[in-house]
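Worksheet: the structure to be examined is printed underneath.
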Amino acid sequence: MKLAPLFCLFASTNAFTAYSSKPHYYYTELNLFGGKKEGGAAKGPGMMDQLAMLKKAQEIASKKAAIDKELAAAEHSGSSADGKVNVVVKYIAPLPMQQPGYEPVSAKIDESWLADASTEDVNAALKEAVMEGLKKATVATAEKMQILTAELASVMGEMQGGAGGGAPASPI
């Protein structure tokens, strides 16, 4: 008597499950070495192309790290008040996917000028010197990063099947 409810429970669960006696096969097509060869066009880059692109990306990343190190070592100075106020600005290397930073690291003010200048004059002169230093640092960073931009354009051109060297194709 006690087995009947248990038997009914198992019998009822089998009634709702789909069962097929045929084995299931799943097919995948990886095209690891360049895609379809016989009669059809290649579907995309193969494994060897992807390895070459990965190597190129690593080269570009190491070049960026070297440029970041070089820029961080450089000092960009700005001056104002006829050279009486000088400020040194340095490049701060960014974290991945972040914008670079710039930081004033030192300021030198002529003491004789400082004794005679008003607070507003000192503030204005410091602001002008910092802005000049930031402008020089930004220009130097842009010039160095143009090397990477050209390299990236070349890689993007190769990925799209072109000879490279041009700008990446527009997504529109």
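A note on labels: chains of the structure tokens are A, B, ... as shown, every chain counts residues from 1, and ligands are counted from 1 in their shown order.
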
Give me, as a list in words, the residues of region 54-100 of chain A that a backbone DSSP run labels alpha helix (DSSP H).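 Written out, the alpha helix (DSSP H) residues of region 54-100 of chain A are Leu54, Lys55, Lys56, Ala57, Gln58, Glu59, Ile60, Ala61, Ser62, Lys63, Lys64, Ala65, Ala66, Ile67, Asp68, Lys69, Glu70, Leu71, Ala72 and Ala73 of chain A.
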
Would you output that residue set with N, CA, C and O atoms, as a PDB file, in the first residue's frame?
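After the write, part-v5.pdb holds the following:
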```
ATOM      1  N   LEU A  54      47.359  39.391 -32.170  1.00  0.00           N
ATOM      2  CA  LEU A  54      47.657  39.445 -30.745  1.00  0.00           C
ATOM      3  C   LEU A  54      49.101  39.889 -30.515  1.00  0.00           C
ATOM      4  O   LEU A  54      49.369  40.724 -29.644  1.00  0.00           O
ATOM      5  N   LYS A  55      50.009  39.369 -31.313  1.00  0.00           N
ATOM      6  CA  LYS A  55      51.418  39.755 -31.193  1.00  0.00           C
ATOM      7  C   LYS A  55      51.583  41.251 -31.492  1.00  0.00           C
ATOM      8  O   LYS A  55      52.301  41.959 -30.801  1.00  0.00           O
ATOM      9  N   LYS A  56      50.900  41.731 -32.522  1.00  0.00           N
ATOM     10  CA  LYS A  56      50.974  43.141 -32.884  1.00  0.00           C
ATOM     11  C   LYS A  56      50.403  44.018 -31.759  1.00  0.00           C
ATOM     12  O   LYS A  56      50.961  45.067 -31.425  1.00  0.00           O
ATOM     13  N   ALA A  57      49.287  43.567 -31.153  1.00  0.00           N
ATOM     14  CA  ALA A  57      48.686  44.320 -30.049  1.00  0.00           C
ATOM     15  C   ALA A  57      49.644  44.383 -28.858  1.00  0.00           C
ATOM     16  O   ALA A  57      49.752  45.419 -28.195  1.00  0.00           O
ATOM     17  N   GLN A  58      50.351  43.294 -28.600  1.00  0.00           N
ATOM     18  CA  GLN A  58      51.326  43.294 -27.508  1.00  0.00           C
ATOM     19  C   GLN A  58      52.480  44.246 -27.808  1.00  0.00           C
ATOM     20  O   GLN A  58      52.970  44.929 -26.908  1.00  0.00           O
ATOM     21  N   GLU A  59      52.905  44.304 -29.059  1.00  0.00           N
ATOM     22  CA  GLU A  59      53.969  45.236 -29.445  1.00  0.00           C
ATOM     23  C   GLU A  59      53.526  46.684 -29.228  1.00  0.00           C
ATOM     24  O   GLU A  59      54.279  47.509 -28.706  1.00  0.00           O
ATOM     25  N   ILE A  60      52.298  46.987 -29.630  1.00  0.00           N
ATOM     26  CA  ILE A  60      51.769  48.342 -29.469  1.00  0.00           C
ATOM     27  C   ILE A  60      51.650  48.691 -27.982  1.00  0.00           C
ATOM     28  O   ILE A  60      51.984  49.798 -27.567  1.00  0.00           O
ATOM     29  N   ALA A  61      51.201  47.732 -27.174  1.00  0.00           N
ATOM     30  CA  ALA A  61      51.085  47.973 -25.731  1.00  0.00           C
ATOM     31  C   ALA A  61      52.453  48.238 -25.109  1.00  0.00           C
ATOM     32  O   ALA A  61      52.586  49.119 -24.249  1.00  0.00           O
ATOM     33  N   SER A  62      53.473  47.510 -25.550  1.00  0.00           N
ATOM     34  CA  SER A  62      54.815  47.753 -24.992  1.00  0.00           C
ATOM     35  C   SER A  62      55.357  49.106 -25.461  1.00  0.00           C
ATOM     36  O   SER A  62      56.033  49.801 -24.693  1.00  0.00           O
ATOM     37  N   LYS A  63      55.045  49.513 -26.702  1.00  0.00           N
ATOM     38  CA  LYS A  63      55.450  50.844 -27.172  1.00  0.00           C
ATOM     39  C   LYS A  63      54.755  51.937 -26.362  1.00  0.00           C
ATOM     40  O   LYS A  63      55.368  52.942 -26.008  1.00  0.00           O
ATOM     41  N   LYS A  64      53.470  51.731 -26.052  1.00  0.00           N
ATOM     42  CA  LYS A  64      52.734  52.718 -25.252  1.00  0.00           C
ATOM     43  C   LYS A  64      53.340  52.826 -23.862  1.00  0.00           C
ATOM     44  O   LYS A  64      53.497  53.929 -23.328  1.00  0.00           O
ATOM     45  N   ALA A  65      53.702  51.696 -23.271  1.00  0.00           N
ATOM     46  CA  ALA A  65      54.318  51.723 -21.943  1.00  0.00           C
ATOM     47  C   ALA A  65      55.645  52.483 -21.979  1.00  0.00           C
ATOM     48  O   ALA A  65      55.945  53.260 -21.065  1.00  0.00           O
ATOM     49  N   ALA A  66      56.422  52.283 -23.047  1.00  0.00           N
ATOM     50  CA  ALA A  66      57.702  52.997 -23.173  1.00  0.00           C
ATOM     51  C   ALA A  66      57.474  54.498 -23.347  1.00  0.00           C
ATOM     52  O   ALA A  66      58.191  55.318 -22.745  1.00  0.00           O
ATOM     53  N   ILE A  67      56.467  54.858 -24.136  1.00  0.00           N
ATOM     54  CA  ILE A  67      56.152  56.280 -24.334  1.00  0.00           C
ATOM     55  C   ILE A  67      55.658  56.894 -23.024  1.00  0.00           C
ATOM     56  O   ILE A  67      56.048  58.011 -22.669  1.00  0.00           O
ATOM     57  N   ASP A  68      54.808  56.168 -22.288  1.00  0.00           N
ATOM     58  CA  ASP A  68      54.332  56.664 -20.992  1.00  0.00           C
ATOM     59  C   ASP A  68      55.501  56.908 -20.037  1.00  0.00           C
ATOM     60  O   ASP A  68      55.542  57.915 -19.336  1.00  0.00           O
ATOM     61  N   LYS A  69      56.456  55.993 -20.025  1.00  0.00           N
ATOM     62  CA  LYS A  69      57.623  56.131 -19.148  1.00  0.00           C
ATOM     63  C   LYS A  69      58.451  57.352 -19.555  1.00  0.00           C
ATOM     64  O   LYS A  69      58.903  58.129 -18.703  1.00  0.00           O
ATOM     65  N   GLU A  70      58.627  57.528 -20.868  1.00  0.00           N
ATOM     66  CA  GLU A  70      59.393  58.675 -21.369  1.00  0.00           C
ATOM     67  C   GLU A  70      58.700  59.992 -21.032  1.00  0.00           C
ATOM     68  O   GLU A  70      59.343  60.953 -20.593  1.00  0.00           O
ATOM     69  N   LEU A  71      57.378  60.033 -21.220  1.00  0.00           N
ATOM     70  CA  LEU A  71      56.630  61.259 -20.919  1.00  0.00           C
ATOM     71  C   LEU A  71      56.627  61.559 -19.422  1.00  0.00           C
ATOM     72  O   LEU A  71      56.687  62.727 -19.014  1.00  0.00           O
ATOM     73  N   ALA A  72      56.565  60.519 -18.591  1.00  0.00           N
ATOM     74  CA  ALA A  72      56.551  60.727 -17.142  1.00  0.00           C
ATOM     75  C   ALA A  72      57.884  61.278 -16.650  1.00  0.00           C
ATOM     76  O   ALA A  72      57.930  61.982 -15.634  1.00  0.00           O
ATOM     77  N   ALA A  73      58.960  60.973 -17.354  1.00  0.00           N
ATOM     78  CA  ALA A  73      60.278  61.465 -16.953  1.00  0.00           C
ATOM     79  C   ALA A  73      60.503  62.924 -17.356  1.00  0.00           C
ATOM     80  O   ALA A  73      61.317  63.618 -16.747  1.00  0.00           O
TER      81      ALA A  73
END
```

Residues within 8 Å of region 119-133 of chain A, only C-alpha atoms, excluding chain neighbours under 5 positions, as a PyMOL selection string: chain A and resi 76-81+85-89+104+114

For the selection just defined, write its residues with N, CA and C atoms to a file, as a compact mmCIF listing (two decimals), in the first residue's frame.
```
# COMPACT_ATOMS: atom_id res chain seq x y z
N HIS A 76 57.82 69.72 -17.94
CA HIS A 76 57.37 70.80 -18.83
C HIS A 76 57.16 72.04 -17.96
N SER A 77 57.89 73.09 -18.29
CA SER A 77 57.81 74.28 -17.43
C SER A 77 57.01 75.39 -18.11
N GLY A 78 56.32 76.12 -17.27
CA GLY A 78 55.60 77.29 -17.71
C GLY A 78 56.02 78.46 -16.85
N SER A 79 56.01 79.63 -17.44
CA SER A 79 56.44 80.80 -16.67
C SER A 79 55.50 81.97 -16.94
N SER A 80 55.55 82.92 -16.03
CA SER A 80 54.74 84.14 -16.19
C SER A 80 55.41 85.26 -15.39
N ALA A 81 54.83 86.42 -15.46
CA ALA A 81 55.34 87.61 -14.77
C ALA A 81 56.80 87.86 -15.15
N VAL A 85 57.77 83.87 -12.11
CA VAL A 85 57.03 82.71 -11.60
C VAL A 85 57.24 81.57 -12.58
N ASN A 86 57.75 80.44 -12.08
CA ASN A 86 57.98 79.25 -12.90
C ASN A 86 57.32 78.05 -12.24
N VAL A 87 56.61 77.26 -13.05
CA VAL A 87 55.92 76.07 -12.56
C VAL A 87 56.34 74.89 -13.44
N VAL A 88 56.62 73.74 -12.82
CA VAL A 88 56.97 72.52 -13.56
C VAL A 88 55.77 71.57 -13.51
N VAL A 89 55.37 71.07 -14.69
CA VAL A 89 54.24 70.16 -14.81
C VAL A 89 54.76 68.83 -15.34
N PRO A 104 51.10 69.70 -11.57
CA PRO A 104 52.18 70.64 -11.25
C PRO A 104 52.99 70.06 -10.08
N LEU A 114 57.62 88.64 -5.22
CA LEU A 114 56.57 88.19 -4.32
C LEU A 114 56.32 89.21 -3.20
```

d(CA of Tyr91 (chain A), CA of Val105 (chain A)) in Å: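 These atoms are spaced 10.0 Å apart.
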
Which is closer to Thr141 (chain A) than all the others in A:Ser112, A:Ser118, A:Ser106, A:Gln99, using only C-alpha atoms?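 Once distances to Thr141 (chain A) are computed over only C-alpha atoms, the minimum belongs to A:Gln99.
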
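Among the candidates A:Val155, A:Lys84, A:Ala150, A:Ala74, the residue lying nearest to Ala117 (chain A) is A:Lys84 (atoms considered: only C-alpha atoms).
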
Distance of CA of Ala107 (chain A) from CA of Asp82 (chain A), expressed in Å to one decimal place: 14.7 Å

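Nearest residue to Met156 (chain A), choosing from A:Leu134, A:Lys144, A:Met53, A:Ala115 and counting only C-alpha atoms: A:Met53.
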